[in-house]
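run-v3.pdb, holding PDB, C-alpha atoms and all ligand atoms:
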ATOM      1  CA  MET A 126    -141.878-138.666 -48.432  1.00  0.00           C
ATOM      2  CA  GLY A 127    -143.677-139.691 -45.264  1.00  0.00           C
ATOM      3  CA  SER A 128    -141.117-142.419 -44.569  1.00  0.00           C
ATOM      4  CA  GLN A 129    -138.450-139.855 -43.729  1.00  0.00           C
ATOM      5  CA  LYS A 130    -139.815-139.378 -40.233  1.00  0.00           C
ATOM      6  CA  GLU A 131    -139.638-143.116 -39.559  1.00  0.00           C
ATOM      7  CA  GLU A 132    -135.931-143.215 -40.501  1.00  0.00           C
ATOM      8  CA  LYS A 133    -134.935-140.833 -37.732  1.00  0.00           C
ATOM      9  CA  GLU A 134    -133.030-142.227 -34.798  1.00  0.00           C
ATOM     10  CA  ASP A 135    -134.944-142.914 -31.646  1.00  0.00           C
ATOM     11  CA  THR A 136    -134.624-139.613 -29.783  1.00  0.00           C
ATOM     12  CA  GLY A 137    -136.703-140.695 -26.831  1.00  0.00           C
ATOM     13  CA  GLN A 138    -139.420-138.412 -28.145  1.00  0.00           C
ATOM     14  CA  GLU A 139    -141.892-141.226 -28.667  1.00  0.00           C
ATOM     15  CA  ILE A 140    -145.340-139.797 -28.159  1.00  0.00           C
ATOM     16  CA  PRO A 141    -146.764-141.428 -25.035  1.00  0.00           C
ATOM     17  CA  GLU A 142    -149.835-143.646 -25.172  1.00  0.00           C
ATOM     18  CA  GLN A 143    -153.052-141.746 -25.587  1.00  0.00           C
ATOM     19  CA  GLU A 144    -154.079-142.663 -22.059  1.00  0.00           C
ATOM     20  CA  VAL A 145    -150.912-141.152 -20.597  1.00  0.00           C
ATOM     21  CA  GLN A 146    -151.343-138.010 -22.653  1.00  0.00           C
ATOM     22  CA  GLU A 147    -154.896-137.618 -21.466  1.00  0.00           C
ATOM     23  CA  GLN A 148    -153.720-137.937 -17.868  1.00  0.00           C
ATOM     24  CA  GLU A 149    -151.020-135.337 -18.496  1.00  0.00           C
ATOM     25  CA  GLY A 150    -153.411-133.150 -20.500  1.00  0.00           C
ATOM     26  CA  THR A 151    -150.956-133.144 -23.414  1.00  0.00           C
ATOM     27  CA  GLU A 152    -153.109-134.612 -26.147  1.00  0.00           C
ATOM     28  CA  PRO A 153    -153.837-132.018 -28.812  1.00  0.00           C
ATOM     29  CA  GLY A 154    -157.233-132.216 -30.457  1.00  0.00           C
ATOM     30  CA  GLU A 155    -157.844-132.485 -34.200  1.00  0.00           C
ATOM     31  CA  GLU A 156    -159.041-128.903 -34.288  1.00  0.00           C
ATOM     32  CA  GLU A 157    -155.787-127.620 -32.800  1.00  0.00           C
ATOM     33  CA  VAL A 158    -153.779-129.571 -35.342  1.00  0.00           C
ATOM     34  CA  GLU A 159    -155.929-128.248 -38.189  1.00  0.00           C
ATOM     35  CA  LYS A 160    -155.631-124.675 -36.954  1.00  0.00           C
ATOM     36  CA  LEU A 161    -151.850-124.913 -36.752  1.00  0.00           C
ATOM     37  CA  TYR A 162    -151.745-126.550 -40.184  1.00  0.00           C
ATOM     38  CA  VAL A 163    -153.727-123.725 -41.776  1.00  0.00           C
ATOM     39  CA  ARG A 164    -151.613-121.051 -40.059  1.00  0.00           C
ATOM     40  CA  LEU A 165    -148.237-122.563 -40.872  1.00  0.00           C
ATOM     41  CA  ASP A 166    -149.254-123.313 -44.444  1.00  0.00           C
ATOM     42  CA  ARG A 167    -150.391-119.729 -44.965  1.00  0.00           C
ATOM     43  CA  GLU A 168    -147.263-118.277 -43.363  1.00  0.00           C
ATOM     44  CA  ALA A 169    -144.989-120.623 -45.271  1.00  0.00           C
ATOM     45  CA  GLU A 170    -146.499-119.883 -48.679  1.00  0.00           C
ATOM     46  CA  HIS A 171    -146.473-116.181 -47.915  1.00  0.00           C
ATOM     47  CA  SER A 172    -142.741-116.278 -47.177  1.00  0.00           C
ATOM     48  CA  GLY A 173    -141.520-118.605 -49.907  1.00  0.00           C
ATOM     49  CA  TYR A 174    -141.469-121.807 -47.814  1.00  0.00           C
ATOM     50  CA  HIS A 175    -143.553-124.949 -48.314  1.00  0.00           C
ATOM     51  CA  LEU A 176    -145.041-127.485 -45.948  1.00  0.00           C
ATOM     52  CA  ASN A 177    -144.691-131.114 -46.945  1.00  0.00           C
ATOM     53  CA  PRO A 178    -147.548-131.764 -49.410  1.00  0.00           C
ATOM     54  CA  ASP A 179    -148.294-135.101 -47.705  1.00  0.00           C
ATOM     55  CA  ALA A 180    -150.972-133.580 -45.463  1.00  0.00           C
ATOM     56  CA  GLU A 181    -151.420-136.663 -43.282  1.00  0.00           C
ATOM     57  CA  PHE A 182    -147.690-136.900 -42.564  1.00  0.00           C
ATOM     58  CA  THR A 183    -147.484-133.150 -41.987  1.00  0.00           C
ATOM     59  CA  LYS A 184    -150.332-133.212 -39.498  1.00  0.00           C
ATOM     60  CA  GLU A 185    -148.632-136.018 -37.571  1.00  0.00           C
ATOM     61  CA  LEU A 186    -145.610-133.748 -37.175  1.00  0.00           C
ATOM     62  CA  LEU A 187    -147.832-130.857 -36.132  1.00  0.00           C
ATOM     63  CA  TYR A 188    -149.425-133.116 -33.557  1.00  0.00           C
ATOM     64  CA  GLY A 189    -145.929-133.793 -32.179  1.00  0.00           C
ATOM     65  CA  LEU A 190    -145.163-130.078 -32.138  1.00  0.00           C
ATOM     66  CA  LEU A 191    -148.334-129.379 -30.177  1.00  0.00           C
ATOM     67  CA  VAL A 192    -147.564-132.181 -27.716  1.00  0.00           C
ATOM     68  CA  ASN A 193    -144.194-130.514 -27.113  1.00  0.00           C
ATOM     69  CA  GLU A 194    -145.803-127.116 -26.745  1.00  0.00           C
ATOM     70  CA  LYS A 195    -148.119-128.462 -24.067  1.00  0.00           C
ATOM     71  CA  ARG A 196    -145.275-130.277 -22.370  1.00  0.00           C
ATOM     72  CA  TYR A 197    -142.574-127.588 -22.493  1.00  0.00           C
ATOM     73  CA  GLY A 198    -144.387-124.377 -23.335  1.00  0.00           C
ATOM     74  CA  TYR A 199    -142.802-123.995 -26.781  1.00  0.00           C
ATOM     75  CA  LEU A 200    -142.945-125.720 -30.176  1.00  0.00           C
ATOM     76  CA  ALA A 201    -139.848-127.894 -29.828  1.00  0.00           C
ATOM     77  CA  CYS A 202    -138.928-129.945 -32.891  1.00  0.00           C
ATOM     78  CA  PRO A 203    -140.908-133.214 -32.886  1.00  0.00           C
ATOM     79  CA  CYS A 204    -137.908-135.205 -34.187  1.00  0.00           C
ATOM     80  CA  ARG A 205    -135.389-134.166 -31.543  1.00  0.00           C
ATOM     81  CA  LEU A 206    -135.032-134.578 -27.824  1.00  0.00           C
ATOM     82  CA  ALA A 207    -135.784-131.280 -26.086  1.00  0.00           C
ATOM     83  CA  SER A 208    -134.203-130.511 -22.723  1.00  0.00           C
ATOM     84  CA  GLY A 209    -137.281-128.741 -21.447  1.00  0.00           C
ATOM     85  CA  LYS A 210    -135.176-125.624 -20.775  1.00  0.00           C
ATOM     86  CA  LYS A 211    -136.146-123.021 -23.343  1.00  0.00           C
ATOM     87  CA  GLU A 212    -132.772-121.254 -23.351  1.00  0.00           C
ATOM     88  CA  GLU A 213    -131.080-124.543 -24.274  1.00  0.00           C
ATOM     89  CA  ASP A 214    -133.689-125.451 -26.882  1.00  0.00           C
ATOM     90  CA  LEU A 215    -133.983-122.137 -28.744  1.00  0.00           C
ATOM     91  CA  ASP A 216    -132.209-123.568 -31.779  1.00  0.00           C
ATOM     92  CA  ILE A 217    -134.789-126.350 -32.147  1.00  0.00           C
ATOM     93  CA  ILE A 218    -137.953-124.321 -31.697  1.00  0.00           C
ATOM     94  CA  CYS A 219    -139.781-124.738 -34.983  1.00  0.00           C
ATOM     95  CA  PRO A 220    -138.737-123.385 -37.437  1.00  0.00           C
ATOM     96  CA  CYS A 221    -135.321-124.441 -36.156  1.00  0.00           C
ATOM     97  CA  ASP A 222    -131.981-122.794 -36.932  1.00  0.00           C
ATOM     98  CA  TYR A 223    -131.165-125.694 -39.258  1.00  0.00           C
ATOM     99  CA  ARG A 224    -134.219-125.575 -41.528  1.00  0.00           C
ATOM    100  CA  ASP A 225    -132.901-123.267 -44.226  1.00  0.00           C
ATOM    101  CA  PRO A 226    -129.495-124.909 -44.737  1.00  0.00           C
ATOM    102  CA  ASP A 227    -131.182-128.327 -44.750  1.00  0.00           C
ATOM    103  CA  LEU A 228    -133.751-127.180 -47.314  1.00  0.00           C
ATOM    104  CA  ASN A 229    -130.911-125.881 -49.409  1.00  0.00           C
ATOM    105  CA  ASP A 230    -128.712-128.971 -49.157  1.00  0.00           C
ATOM    106  CA  TYR A 231    -131.256-131.797 -48.873  1.00  0.00           C
ATOM    107  CA  GLY A 232    -134.588-130.438 -50.096  1.00  0.00           C
ATOM    108  CA  ALA A 233    -136.244-130.879 -46.694  1.00  0.00           C
ATOM    109  CA  CYS A 234    -135.817-129.972 -43.047  1.00  0.00           C
ATOM    110  CA  TYR A 235    -134.678-132.669 -40.618  1.00  0.00           C
ATOM    111  CA  CYS A 236    -138.274-133.767 -39.912  1.00  0.00           C
ATOM    112  CA  ALA A 237    -139.413-133.133 -43.515  1.00  0.00           C
ATOM    113  CA  LEU A 238    -142.130-130.791 -42.268  1.00  0.00           C
ATOM    114  CA  TYR A 239    -140.795-128.212 -44.722  1.00  0.00           C
ATOM    115  CA  VAL A 240    -139.667-129.099 -48.235  1.00  0.00           C
ATOM    116  CA  SER A 241    -138.088-127.190 -51.082  1.00  0.00           C
ATOM    117  CA  GLU A 242    -140.047-125.961 -54.093  1.00  0.00           C
ATOM    118  CA  ARG A 243    -138.571-128.699 -56.304  1.00  0.00           C
ATOM    119  CA  VAL A 244    -139.476-131.419 -53.835  1.00  0.00           C
ATOM    120  CA  ARG A 245    -142.983-130.031 -53.442  1.00  0.00           C
ATOM    121  CA  GLN A 246    -143.424-130.074 -57.205  1.00  0.00           C
ATOM    122  CA  GLY A 247    -142.178-133.659 -57.370  1.00  0.00           C
ATOM    123  CA  LYS A 248    -139.203-132.637 -59.519  1.00  0.00           C
ATOM    124  CA  GLU A 249    -136.791-134.220 -57.070  1.00  0.00           C
ATOM    125  CA  GLU A 250    -136.866-136.446 -54.001  1.00  0.00           C
ATOM    126  CA  ALA A 251    -135.905-135.097 -50.592  1.00  0.00           C
ATOM    127  CA  LYS A 252    -132.620-136.623 -49.492  1.00  0.00           C
ATOM    128  CA  SER A 253    -132.000-138.172 -46.115  1.00  0.00           C
ATOM    129  CA  VAL A 254    -131.132-135.295 -43.768  1.00  0.00           C
ATOM    130  CA  PRO A 255    -128.268-135.804 -41.313  1.00  0.00           C
ATOM    131  CA  GLU A 256    -128.445-134.102 -37.919  1.00  0.00           C
ATOM    132  CA  ARG A 257    -126.817-130.684 -38.189  1.00  0.00           C
ATOM    133  CA  ARG A 258    -127.271-129.839 -34.515  1.00  0.00           C
ATOM    134  CA  ALA A 259    -124.110-130.137 -32.433  1.00  0.00           C
ATOM    135  CA  PRO A 260    -124.038-132.682 -29.591  1.00  0.00           C
ATOM    136  CA  PRO A 261    -125.004-131.348 -26.126  1.00  0.00           C
ATOM    137  CA  GLU A 262    -121.451-130.910 -24.817  1.00  0.00           C
ATOM    138  CA  LEU A 263    -120.530-128.636 -27.747  1.00  0.00           C
ATOM    139  CA  ARG A 264    -123.806-126.746 -27.607  1.00  0.00           C
ATOM    140  CA  LEU A 265    -123.401-125.985 -23.926  1.00  0.00           C
ATOM    141  CA  GLN A 266    -119.890-124.670 -24.520  1.00  0.00           C
ATOM    142  CA  GLY A 267    -121.320-122.173 -26.971  1.00  0.00           C
ATOM    143  CA  SER A 268    -124.343-121.282 -24.906  1.00  0.00           C
ATOM    144  CA  GLY A 269    -123.256-117.700 -24.187  1.00  0.00           C
ATOM    145  CA  LYS A 270    -123.727-116.405 -27.712  1.00  0.00           C
ATOM    146  CA  LYS A 271    -121.432-113.639 -28.824  1.00  0.00           C
ATOM    147  CA  PRO A 272    -121.860-110.991 -31.504  1.00  0.00           C
ATOM    148  CA  ARG A 273    -120.645-111.843 -34.989  1.00  0.00           C
ATOM    149  CA  GLU A 274    -117.310-110.109 -34.427  1.00  0.00           C
ATOM    150  CA  SER A 275    -116.249-113.237 -32.559  1.00  0.00           C
ATOM    151  CA  GLU A 276    -116.868-115.323 -35.698  1.00  0.00           C
ATOM    152  CA  GLY A 277    -114.458-113.356 -37.851  1.00  0.00           C
ATOM    153  CA  PHE A 278    -116.826-110.574 -38.880  1.00  0.00           C
ATOM    154  CA  SER A 279    -115.691-107.095 -37.910  1.00  0.00           C
ATOM    155  CA  PHE A 280    -117.032-103.659 -38.621  1.00  0.00           C
ATOM    156  CA  SER A 281    -115.180-100.507 -37.682  1.00  0.00           C
ATOM    157  CA  GLY A 282    -117.669 -97.939 -39.002  1.00  0.00           C
ATOM    158  CA  LYS A 283    -120.323 -96.139 -37.008  1.00  0.00           C
ATOM    159  CA  LEU A 284    -123.995 -97.078 -37.197  1.00  0.00           C
ATOM    160  CA  SER A 285    -126.902 -95.175 -35.724  1.00  0.00           C
ATOM    161  CA  LYS A 286    -128.690 -98.490 -34.974  1.00  0.00           C
ATOM    162  CA  GLN A 287    -127.663-101.975 -33.991  1.00  0.00           C
ATOM    163  CA  VAL A 288    -127.981-104.640 -36.656  1.00  0.00           C
ATOM    164  CA  TRP A 289    -129.907-107.793 -35.745  1.00  0.00           C
ATOM    165  CA  ARG A 290    -129.833-111.113 -37.530  1.00  0.00           C
ATOM    166  CA  CYS A 291    -132.542-113.776 -37.509  1.00  0.00           C
ATOM    167  CA  GLN A 292    -130.744-117.026 -36.704  1.00  0.00           C
ATOM    168  CA  VAL A 293    -133.387-119.030 -38.573  1.00  0.00           C
ATOM    169  CA  CYS A 294    -133.420-117.373 -41.993  1.00  0.00           C
ATOM    170  CA  GLY A 295    -130.600-114.788 -41.865  1.00  0.00           C
ATOM    171  CA  TYR A 296    -132.870-111.737 -42.208  1.00  0.00           C
ATOM    172  CA  LEU A 297    -130.969-108.588 -41.162  1.00  0.00           C
ATOM    173  CA  CYS A 298    -132.438-105.388 -39.815  1.00  0.00           C
ATOM    174  CA  ALA A 299    -131.052-102.214 -38.278  1.00  0.00           C
ATOM    175  CA  ARG A 300    -133.039-101.017 -35.279  1.00  0.00           C
ATOM    176  CA  ASP A 301    -132.769-100.554 -31.518  1.00  0.00           C
ATOM    177  CA  GLU A 302    -134.447-103.886 -30.744  1.00  0.00           C
ATOM    178  CA  PRO A 303    -135.070-106.945 -32.887  1.00  0.00           C
ATOM    179  CA  PRO A 304    -138.619-107.243 -34.289  1.00  0.00           C
ATOM    180  CA  GLU A 305    -141.200-109.214 -32.292  1.00  0.00           C
ATOM    181  CA  VAL A 306    -141.531-111.653 -35.201  1.00  0.00           C
ATOM    182  CA  CYS A 307    -139.238-112.148 -38.179  1.00  0.00           C
ATOM    183  CA  PRO A 308    -141.117-110.829 -41.240  1.00  0.00           C
ATOM    184  CA  ILE A 309    -139.637-113.597 -43.381  1.00  0.00           C
ATOM    185  CA  CYS A 310    -139.746-116.835 -41.402  1.00  0.00           C
ATOM    186  CA  LYS A 311    -141.963-115.790 -38.447  1.00  0.00           C
ATOM    187  CA  ALA A 312    -139.371-116.788 -35.845  1.00  0.00           C
ATOM    188  CA  LYS A 313    -139.872-114.888 -32.589  1.00  0.00           C
ATOM    189  CA  LYS A 314    -137.748-112.048 -31.203  1.00  0.00           C
ATOM    190  CA  GLU A 315    -135.689-114.399 -29.011  1.00  0.00           C
ATOM    191  CA  ARG A 316    -134.231-116.003 -32.163  1.00  0.00           C
ATOM    192  CA  PHE A 317    -132.437-112.807 -33.200  1.00  0.00           C
ATOM    193  CA  GLU A 318    -128.786-112.179 -32.379  1.00  0.00           C
ATOM    194  CA  ARG A 319    -126.690-109.028 -32.521  1.00  0.00           C
ATOM    195  CA  PHE A 320    -124.958-108.963 -35.895  1.00  0.00           C
ATOM    196  CA  ILE A 321    -123.214-105.600 -35.547  1.00  0.00           C
TER     197      ILE A 321
HETATM  198  S1  LIG B   1    -138.185-126.893 -39.222  1.00  0.00           S
HETATM  199 FE1  LIG B   1    -136.752-127.792 -37.785  1.00  0.00          FE
HETATM  200  S2  LIG B   1    -137.908-127.822 -35.877  1.00  0.00           S
HETATM  201 FE2  LIG B   1    -139.407-127.578 -37.485  1.00  0.00          FE
HETATM  202  S3  LIG B   1    -140.058-129.652 -37.968  1.00  0.00           S
HETATM  203 FE3  LIG B   1    -138.386-129.116 -39.384  1.00  0.00          FE
HETATM  204  S4  LIG B   1    -136.548-129.939 -38.397  1.00  0.00           S
HETATM  205 FE4  LIG B   1    -138.133-129.849 -36.814  1.00  0.00          FE
END

Using structure tokens, write down the structure from this file.
Amino acid sequence: MGSQKEEKEDTGQEIPEQEVQEQEGTEPGEEEVEKLYVRLDREAEHSGYHLNPDAEFTKELLYGLLVNEKRYGYLACPCRLASGKKEEDLDIICPCDYRDPDLNDYGACYCALYVSERVRQGKEEAKSVPERRAPPELRLQGSGKKPRESEGFSFSGKLSKQVWRCQVCGYLCARDEPPEVCPICKAKKERFERFI
């Protein structure tokens, strides 16, 4: 399981030497990693997700997430190259937009931080996960996100509230504003898009 991280292409996200991190003040302590581990594990189990049961491997990924948080101000995916501009990296803030389809198709997210129930139980192996994220030139073209009508969905009825969709897990809710945090996957408000 833990080897999946090593198979990823070199994204330039190599964690700098400890000395460099100390100089930059980006080295997370063990306590921080443990705290994040406990929180994400609790949230995941509460919502029907599972962290990789290889705790050592999982904590290495959490360390990478915390390094990115200190560097960029948000928990950018530790297996991808973040731009450092939050609006361009929203789709790869953990949990990323690609986690759920990857769990469904491959039994693990791209980094293998999250795994499916069957993988967690050892009933099947996680498959190698190809990168689902579009290359930068395509992503930038689609940066001004449009409501779902533009993707072939149309609704001609009248609703008293707008409908919002969590781009991470697909949760839908009808209200004036999206929720601060998705009740299912815990993604923040900024990860919601207008659905109707
Ligand atoms: S859920 Fe997405 S962002 Fe988080 S570790 Fe997995 S691949 Fe990276």

Could you work out an axis-aligned box for region 189-204 of chain A, taking every atom the file lists and adding 6 Å on each side, and report centre and edge lengths in Å to one decimal, as lines of an AutoDock Vina configuration file?
center_x = -143.1
center_y = -129.6
center_z = -28.3
size_x = 22.4
size_y = 23.2
size_z = 23.8

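Pocket residues of ligand LIG 1 (chain B), taken as those with any atom at most 8 Å away using only C-alpha atoms and all ligand atoms, are Leu186, Leu190, Leu200, Ala201, Cys202, Pro203, Cys204, Arg205, Ile217, Ile218, Cys219, Pro220, Cys221, Asp222, Tyr223, Arg224, Ala233, Cys234, Tyr235, Cys236, Ala237, Leu238 and Tyr239 of chain A.
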
Write the selection just made, keeping C-alpha atoms, as an mmCIF file, in the frame of the given file?
data_model
loop_
_atom_site.group_PDB
_atom_site.id
_atom_site.type_symbol
_atom_site.label_atom_id
_atom_site.label_comp_id
_atom_site.auth_asym_id
_atom_site.auth_seq_id
_atom_site.Cartn_x
_atom_site.Cartn_y
_atom_site.Cartn_z
ATOM 1 C CA LEU A 186 -145.610 -133.748 -37.175
ATOM 2 C CA LEU A 190 -145.163 -130.078 -32.138
ATOM 3 C CA LEU A 200 -142.945 -125.720 -30.176
ATOM 4 C CA ALA A 201 -139.848 -127.894 -29.828
ATOM 5 C CA CYS A 202 -138.928 -129.945 -32.891
ATOM 6 C CA PRO A 203 -140.908 -133.214 -32.886
ATOM 7 C CA CYS A 204 -137.908 -135.205 -34.187
ATOM 8 C CA ARG A 205 -135.389 -134.166 -31.543
ATOM 9 C CA ILE A 217 -134.789 -126.350 -32.147
ATOM 10 C CA ILE A 218 -137.953 -124.321 -31.697
ATOM 11 C CA CYS A 219 -139.781 -124.738 -34.983
ATOM 12 C CA PRO A 220 -138.737 -123.385 -37.437
ATOM 13 C CA CYS A 221 -135.321 -124.441 -36.156
ATOM 14 C CA ASP A 222 -131.981 -122.794 -36.932
ATOM 15 C CA TYR A 223 -131.165 -125.694 -39.258
ATOM 16 C CA ARG A 224 -134.219 -125.575 -41.528
ATOM 17 C CA ALA A 233 -136.244 -130.879 -46.694
ATOM 18 C CA CYS A 234 -135.817 -129.972 -43.047
ATOM 19 C CA TYR A 235 -134.678 -132.669 -40.618
ATOM 20 C CA CYS A 236 -138.274 -133.767 -39.912
ATOM 21 C CA ALA A 237 -139.413 -133.133 -43.515
ATOM 22 C CA LEU A 238 -142.130 -130.791 -42.268
ATOM 23 C CA TYR A 239 -140.795 -128.212 -44.722
#

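Here CA of Arg290 (chain A) and CA of Lys313 (chain A) stand 11.8 Å from one another.
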
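Relative to CA of Gly232 (chain A), CA of Pro260 (chain A) is found at 23.2 Å.
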
Just the number, please: distance in Å from CA of Leu165 (chain A) to CA of Ala207 (chain A), one decimal. 21.2 Å

Can you list, as JSON, numbers by chain, the residues that the PyMOL selection byres (((chain A and resi 319) around 6) and not hetatm) selects here? {"A": [272, 289, 318, 320, 321]}

Distance criterion (all atoms listed in the file): nearest to Phe182 (chain A) out of A:Val158, A:Cys310, A:Tyr199, A:Pro226: A:Val158

Which of these residues is nearest to Gln292 (chain A), using only C-alpha atoms: A:Leu215, A:Leu206, A:Val244, A:Ala169? A:Leu215

With the file shown as input, list the residues that the PyMOL selection byres (((chain A and resi 162) around 10) and not hetatm) selects, as a PyMOL selection string. chain A and resi 156-161+163-168+176+180+183-184+186-188

Which protein, DNA or RNA residues are at most 12 Å from (-127.3, -129.3, -50.7) in the file's coordinates when you count all atoms listed in the file, listed as a VMD selection string? chain A and resid 225 to 234 241 251 to 255

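Of the listed residues A:Asn193, A:Ser172, A:Gln287, A:Asn177, the one whose atoms come nearest to Arg243 (chain A) is A:Asn177, with distances taken using only C-alpha atoms.
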
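Nearest residue to Val293 (chain A) among A:Lys311, A:Glu242, A:Ser281, A:Glu250 is A:Lys311, counting only C-alpha atoms.
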
Among the residues A:Gly173, A:Pro153, A:Pro178, A:Gly189, the one that comes closest to Arg245 (chain A) [using only C-alpha atoms]: A:Pro178

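Distances from A:Gly247, A:Cys291, A:Arg258, A:Leu263 to Cys307 (chain A) were compared using all atoms listed in the file, and the smallest one belongs to A:Cys291.
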
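Using the PyMOL selection byres (((chain A and resi 303) around 7) and not hetatm) on the file at hand returns these residues: Trp289, Arg300, Asp301, Glu302, Pro304, Glu305, Lys314 and Phe317 of chain A.
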